[in-house]
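Structure first, commentary second.
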Amino acid sequence: MKFLDEAKIFVKSGDGGPGCVGFRREKFIEFGGPDGGDGGRGGDVIVECATGLNTLIDFRYRQHFKAARGGHGMGQNRSGAKGADVVVRVPVGTQILDASKEHVVADMAEPGQRIVLAKGGDGGFGNAHYKTSTNRAPRKFTPGWQGSERWLWLRLKLIADVGLVGLPNAGKSTLLAALTRARPKIAAYPFTTLHPNLGVAGTDGEELILADIPGLIEGAHQGAGLGTRFLGHVERCPVLLHLVDGTFEDVALSWRTVRRELKAYGAGLARKPEIVALNKCDALTPEAIAEKRLALAQARFGRRAREKQDEIAVISGVAGTGLTALVRRLHAVARANPRARSAMPPYRGARAKKKTGKKASAGARTRTKSLRAAGITAS
């Protein structure tokens with residue numbers, strides 16, 4: 001299955017059905033009166049967070065989602081049928097953005113979460129609605145209200161516990177294959193990994209989800225290599241595993257290069273808990289391992305390098321050296337730091353007055369009006 005982490009879609013809710021002009025005509029009933037029913041409400045466009053999906057490839061073949069319109073009102077005070085809803089199923093971790101990509105409409109981070117993206121239009125009134133004591137036979141009706149429509153962007157950010165980062169050929173895919181049953185492409189040339197890969201590592205009866213992303217090079221935030229686009233998939237990870245190729249001459253420079261790209265990307269990646277691992281130690285002598293481990297500790301901890309150098313993990317994805325201790329350490333750090341579920345600030349809006357006794361701010365009121373105008377509600 002091809003990996004796709006961004007897609008543009010068009011959503012349109014159903015229009016409301018028109019009301020009916022009708023009069024009751026039955027035998028032996030001289031003055032039947034108006035009995036035209038109201039139109040049915042249009043269908044909603046709902047997005048649902050579904051398990052079992054890990055790509056947006058389905059939206060390459062279908063970009064338009066339109067709900068059904070409401071049914072016409074009928075005589076005998078029968079209301080029209082409600083239009084059928086359209087449910088858009090997206091993977092866990094999908095963000096929904098507006099057409100400008102500047103505002104997050106919804107963050108689908110929990111399985112089963114449902115959001116109404118476009119609310120269906122209300123049905124029109126039939127002539128029975130306008131009956132009064134002075135207007136006994138109204139012939140007035142209203143058409144249904146139109147539904148809402150808009151273009152949206154879907155952006156997938158994988159939900160994982162550990163994000164693997166490092167330079168190309170640092171051994172990230174090899175480590176993922178050694179710890180999990182994932183089978184990413186592995187080769188002896190840079191940028192073998194062209195899209196993120198997920199794997200589940202298990203130890204001591206617990207599971208750990210690892211996300212492997214393409215390697216970073218100097219200038220990635222300016223578009224060099226594959227850029228920093230895929231760093232969005234590790235934004236939600238509570239811990240980063242930074243792999244450094246032990247066969248590289250200057251391991252401290254390798255670590256600093258990736259750290260600069262993480263800082264330039266932003267989104268709090270540079271502040272996340274980080275475990276640094278010296279990889280490919282099977283190709284090094286004990287003296288070289290000690291020397292490069294100390295160099296990494298000096299770059300990572302500065303003056304406390306000698307007392308902190310034991311925190312630099314020494315592993316080998318090929319030989320399996322140090323992997324069990326590394327996974328247990330990752331488990332401990334991941335448990336202590338919950339995942340960053342949402343990049344969207346908590347919405348208080350109209351509830352602010354009820355909870356705090358204060359009026360909602362002007363910004364909250366404006367946001368509430370814009371959401372209602374777009375027909376966006378949580379179901």
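Residue names in the structure tokens use chain letters A, B, ... in the order shown, residue numbers from 1 in each chain, and ligand numbers from 1 in the order shown.
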Near A:Ala68, counting only C-alpha atoms, which residues have an atom at most 6 Å away, once you skip same-chain residues fewer than 4 positions from it, shown as a list in words?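 Neighbouring residues, sequence-local ones excluded: Gly14, Gly43, Gly83 and Ala84 of chain A.
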>> List the spatial neighbours of A:Val200 as a list of chain:residue names - criterion: any atom at most 9 Å away, only C-alpha atoms, same-chain residues fewer than 6 positions off excluded.
In response: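 Surrounding residues, per the criterion: A:Leu176, A:Leu179, A:Thr180, A:Arg181, A:Ala182, A:Glu207, A:Leu208, A:Ile209, A:Leu210.
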Distance criterion (only C-alpha atoms): nearest to A:Ala220 out of A:Ala252, A:Arg183, A:Phe3, A:Pro168
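Ranking A:Ala252, A:Arg183, A:Phe3, A:Pro168 by distance to A:Ala220, first place goes to A:Pro168.
Comparing A:Thr321, A:Lys82, A:Pro34, A:Arg260 by their smallest distance to A:Lys140, the closest is A:Pro34 (using only C-alpha atoms).
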Selection: 7 Å around stretch 326-338 of chain A, only C-alpha atoms, excl. self and same-chain fewer than 3 positions, as a short mmCIF file (atom, residue, chain, number, x, y, z; two decimals) with C-alpha atoms, in the first residue's frame:
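In the end it all went to around_30.cif:
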data_model
loop_
_atom_site.label_atom_id
_atom_site.label_comp_id
_atom_site.auth_asym_id
_atom_site.auth_seq_id
_atom_site.Cartn_x
_atom_site.Cartn_y
_atom_site.Cartn_z
CA ASP A 161 5.44 6.19 21.30
CA LEU A 208 5.83 0.14 22.18
CA PRO A 238 6.63 11.35 23.90
CA VAL A 239 10.28 10.40 23.32
CA GLY A 322 21.92 -3.71 23.85
CA LEU A 323 18.44 -3.78 22.32
#
Go through stretch 91-339 of chain A and collect every residue that DSSP, computed from the backbone, puts in strand (DSSP E or B); the answer should be as a PyMOL selection string.
-> chain A and resi 91+94-98+104-108+114-118+149-156+162-165+197-203+206-212+239-245+274-279+313-314+316+321
Quiz item: Just asking: which residues within stretch 81-294 of chain A are alpha helix (DSSP H) according to DSSP, as JSON, numbers by chain?
Solution: {"A": [172, 173, 174, 175, 176, 177, 178, 179, 251, 252, 253, 254, 255, 256, 257, 258, 259, 260, 261, 262, 263, 264, 265, 286, 287, 288, 289, 290, 291, 292, 293, 294]}
Selection file, C-alpha atoms, as a PDB file, in the first residue's frame:
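Output (again.pdb):
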ATOM      1  CA  LYS A 172      17.012   3.407  11.787  1.00  0.00           C
ATOM      2  CA  SER A 173      15.286   0.963   9.439  1.00  0.00           C
ATOM      3  CA  THR A 174      17.601  -1.862  10.531  1.00  0.00           C
ATOM      4  CA  LEU A 175      16.771  -1.161  14.173  1.00  0.00           C
ATOM      5  CA  LEU A 176      13.037  -1.073  13.400  1.00  0.00           C
ATOM      6  CA  ALA A 177      13.297  -4.452  11.664  1.00  0.00           C
ATOM      7  CA  ALA A 178      15.291  -5.882  14.592  1.00  0.00           C
ATOM      8  CA  LEU A 179      12.833  -4.717  17.262  1.00  0.00           C
ATOM      9  CA  VAL A 251      29.825  11.523  15.959  1.00  0.00           C
ATOM     10  CA  ALA A 252      29.359  14.812  17.829  1.00  0.00           C
ATOM     11  CA  LEU A 253      28.925  16.646  14.511  1.00  0.00           C
ATOM     12  CA  SER A 254      26.307  14.083  13.444  1.00  0.00           C
ATOM     13  CA  TRP A 255      24.336  14.674  16.637  1.00  0.00           C
ATOM     14  CA  ARG A 256      24.548  18.477  16.354  1.00  0.00           C
ATOM     15  CA  THR A 257      23.428  18.436  12.700  1.00  0.00           C
ATOM     16  CA  VAL A 258      20.194  16.641  13.494  1.00  0.00           C
ATOM     17  CA  ARG A 259      19.568  18.757  16.590  1.00  0.00           C
ATOM     18  CA  ARG A 260      19.853  21.933  14.513  1.00  0.00           C
ATOM     19  CA  GLU A 261      17.240  20.637  12.085  1.00  0.00           C
ATOM     20  CA  LEU A 262      14.882  19.687  14.915  1.00  0.00           C
ATOM     21  CA  LYS A 263      15.221  23.150  16.419  1.00  0.00           C
ATOM     22  CA  ALA A 264      14.684  24.832  13.038  1.00  0.00           C
ATOM     23  CA  TYR A 265      11.520  22.771  12.468  1.00  0.00           C
ATOM     24  CA  PRO A 286      36.013  -1.276  22.681  1.00  0.00           C
ATOM     25  CA  GLU A 287      38.462   1.647  22.695  1.00  0.00           C
ATOM     26  CA  ALA A 288      36.693   3.345  19.794  1.00  0.00           C
ATOM     27  CA  ILE A 289      33.307   2.811  21.447  1.00  0.00           C
ATOM     28  CA  ALA A 290      34.507   4.437  24.679  1.00  0.00           C
ATOM     29  CA  GLU A 291      36.047   7.363  22.802  1.00  0.00           C
ATOM     30  CA  LYS A 292      32.966   8.085  20.682  1.00  0.00           C
ATOM     31  CA  ARG A 293      30.624   7.554  23.574  1.00  0.00           C
ATOM     32  CA  LEU A 294      32.476  10.221  25.545  1.00  0.00           C
TER      33      LEU A 294
END
Hey, what's within 10 Å of A:Val21 if we count only C-alpha atoms and toss same-chain stuff fewer than 6 positions away? As a PyMOL selection string, please?
chain A and resi 34-38+73-75+77+125-128+137-142
Would you mind exporting N, CA and C atoms of the selected residues as a tab-separated table (two decimals), in the first residue's frame?
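Listing of out_31.tsv after writing:
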chain	number	residue	atom	x	y	z
A	34	PRO	N	-55.40	23.09	6.02
A	34	PRO	CA	-54.07	22.80	5.47
A	34	PRO	C	-53.39	21.64	6.21
A	35	ASP	N	-52.71	20.79	5.47
A	35	ASP	CA	-51.97	19.69	6.10
A	35	ASP	C	-50.66	19.40	5.37
A	36	GLY	N	-50.05	20.46	4.80
A	36	GLY	CA	-48.75	20.28	4.15
A	36	GLY	C	-47.62	20.15	5.15
A	37	GLY	N	-46.84	19.09	5.04
A	37	GLY	CA	-45.76	18.83	5.99
A	37	GLY	C	-44.47	19.59	5.68
A	38	ASP	N	-43.58	19.61	6.65
A	38	ASP	CA	-42.28	20.28	6.49
A	38	ASP	C	-41.31	19.40	5.71
A	73	GLY	N	-41.62	17.72	1.82
A	73	GLY	CA	-42.77	17.53	2.69
A	73	GLY	C	-43.96	17.00	1.87
A	74	MET	N	-44.91	16.34	2.53
A	74	MET	CA	-46.04	15.73	1.85
A	74	MET	C	-47.33	16.06	2.59
A	75	GLY	N	-48.44	15.77	1.95
A	75	GLY	CA	-49.73	15.99	2.57
A	75	GLY	C	-49.94	15.10	3.77
A	77	ASN	N	-49.75	16.07	6.72
A	77	ASN	CA	-48.77	16.48	7.73
A	77	ASN	C	-47.56	15.55	7.83
A	125	PHE	N	-40.68	24.94	5.69
A	125	PHE	CA	-41.97	24.77	6.35
A	125	PHE	C	-43.07	24.54	5.31
A	126	GLY	N	-43.99	23.63	5.65
A	126	GLY	CA	-45.18	23.45	4.84
A	126	GLY	C	-46.25	24.45	5.22
A	127	ASN	N	-47.38	24.45	4.45
A	127	ASN	CA	-48.41	25.45	4.73
A	127	ASN	C	-49.12	25.23	6.05
A	128	ALA	N	-49.05	24.00	6.62
A	128	ALA	CA	-49.66	23.78	7.93
A	128	ALA	C	-48.98	24.59	9.01
A	137	ALA	N	-56.52	29.13	5.48
A	137	ALA	CA	-56.11	28.34	4.31
A	137	ALA	C	-54.85	28.93	3.68
A	138	PRO	N	-53.74	28.93	4.39
A	138	PRO	CA	-52.50	29.51	3.83
A	138	PRO	C	-51.97	28.65	2.68
A	139	ARG	N	-51.44	29.34	1.70
A	139	ARG	CA	-50.79	28.64	0.58
A	139	ARG	C	-49.28	28.96	0.54
A	140	LYS	N	-48.78	29.32	1.68
A	140	LYS	CA	-47.36	29.69	1.77
A	140	LYS	C	-46.52	28.48	2.21
A	141	PHE	N	-45.37	28.37	1.61
A	141	PHE	CA	-44.39	27.36	2.04
A	141	PHE	C	-43.00	27.94	1.83
A	142	THR	N	-41.98	27.32	2.39
A	142	THR	CA	-40.60	27.80	2.21
A	142	THR	C	-39.73	26.67	1.68
Do you know which residues are at most 6 Å from stretch 46-50 of chain A counting only C-alpha atoms, after dropping those on the same chain fewer than 2 positions away, and could you put them as a ChimeraX atom specification?
/A:87-92,108,111-117
Output file for the residues above (N, CA and C atoms, as a PDB file, in the first residue's frame):
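What landed in selection_5.pdb:
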ATOM      1  N   VAL A  87     -20.146   9.604   5.921  1.00  0.00           N
ATOM      2  CA  VAL A  87     -19.118   9.430   6.944  1.00  0.00           C
ATOM      3  C   VAL A  87     -17.767   9.261   6.254  1.00  0.00           C
ATOM      4  N   VAL A  88     -16.850  10.147   6.570  1.00  0.00           N
ATOM      5  CA  VAL A  88     -15.491  10.097   6.024  1.00  0.00           C
ATOM      6  C   VAL A  88     -14.593   9.463   7.077  1.00  0.00           C
ATOM      7  N   ARG A  89     -14.008   8.320   6.761  1.00  0.00           N
ATOM      8  CA  ARG A  89     -13.168   7.596   7.714  1.00  0.00           C
ATOM      9  C   ARG A  89     -11.706   7.968   7.488  1.00  0.00           C
ATOM     10  N   VAL A  90     -11.044   8.392   8.575  1.00  0.00           N
ATOM     11  CA  VAL A  90      -9.650   8.814   8.501  1.00  0.00           C
ATOM     12  C   VAL A  90      -8.836   8.047   9.542  1.00  0.00           C
ATOM     13  N   PRO A  91      -7.526   7.914   9.340  1.00  0.00           N
ATOM     14  CA  PRO A  91      -6.684   7.222  10.329  1.00  0.00           C
ATOM     15  C   PRO A  91      -6.547   8.018  11.629  1.00  0.00           C
ATOM     16  N   VAL A  92      -6.181   7.323  12.672  1.00  0.00           N
ATOM     17  CA  VAL A  92      -5.898   7.969  13.954  1.00  0.00           C
ATOM     18  C   VAL A  92      -4.677   8.874  13.782  1.00  0.00           C
ATOM     19  N   MET A 108      -8.077  14.579  14.968  1.00  0.00           N
ATOM     20  CA  MET A 108      -8.657  13.252  15.190  1.00  0.00           C
ATOM     21  C   MET A 108      -7.593  12.346  15.811  1.00  0.00           C
ATOM     22  N   PRO A 111      -9.512   6.924  18.670  1.00  0.00           N
ATOM     23  CA  PRO A 111     -10.352   6.016  17.875  1.00  0.00           C
ATOM     24  C   PRO A 111     -11.829   6.177  18.228  1.00  0.00           C
ATOM     25  N   GLY A 112     -12.663   6.227  17.199  1.00  0.00           N
ATOM     26  CA  GLY A 112     -14.095   6.407  17.411  1.00  0.00           C
ATOM     27  C   GLY A 112     -14.545   7.851  17.499  1.00  0.00           C
ATOM     28  N   GLN A 113     -13.614   8.793  17.530  1.00  0.00           N
ATOM     29  CA  GLN A 113     -13.973  10.210  17.605  1.00  0.00           C
ATOM     30  C   GLN A 113     -14.712  10.622  16.330  1.00  0.00           C
ATOM     31  N   ARG A 114     -15.782  11.396  16.475  1.00  0.00           N
ATOM     32  CA  ARG A 114     -16.597  11.842  15.341  1.00  0.00           C
ATOM     33  C   ARG A 114     -16.817  13.354  15.420  1.00  0.00           C
ATOM     34  N   ILE A 115     -16.642  14.018  14.288  1.00  0.00           N
ATOM     35  CA  ILE A 115     -16.837  15.462  14.185  1.00  0.00           C
ATOM     36  C   ILE A 115     -17.716  15.745  12.964  1.00  0.00           C
ATOM     37  N   VAL A 116     -18.691  16.637  13.134  1.00  0.00           N
ATOM     38  CA  VAL A 116     -19.528  17.060  12.013  1.00  0.00           C
ATOM     39  C   VAL A 116     -18.805  18.189  11.288  1.00  0.00           C
ATOM     40  N   LEU A 117     -18.341  17.916  10.079  1.00  0.00           N
ATOM     41  CA  LEU A 117     -17.624  18.917   9.299  1.00  0.00           C
ATOM     42  C   LEU A 117     -18.564  19.888   8.602  1.00  0.00           C
TER      43      LEU A 117
END
Can you list, as a PyMOL selection string, every protein, DNA or RNA residue that comes within 6 Å of A:Leu154 when you count only C-alpha atoms, leaving out same-chain residues fewer than 5 positions away? chain A and resi 6-7+95-96
Of A:Leu231, A:His72, A:Val86, A:Asp44, the one nearest to A:Pro196 when counting only C-alpha atoms is A:Leu231
task = Can you pull out every residue within 7 Å of stretch 144-146 of chain A, counting only C-alpha atoms, but drop anything in the same chain fewer than 2 positions away, and send it as a PyMOL selection string?
result = chain A and resi 15-18+39+121-124+142+148
For A:Cys281, the closest of A:Ala187, A:Ala305, A:Ile315, A:Glu102 counting only C-alpha atoms is A:Ile315
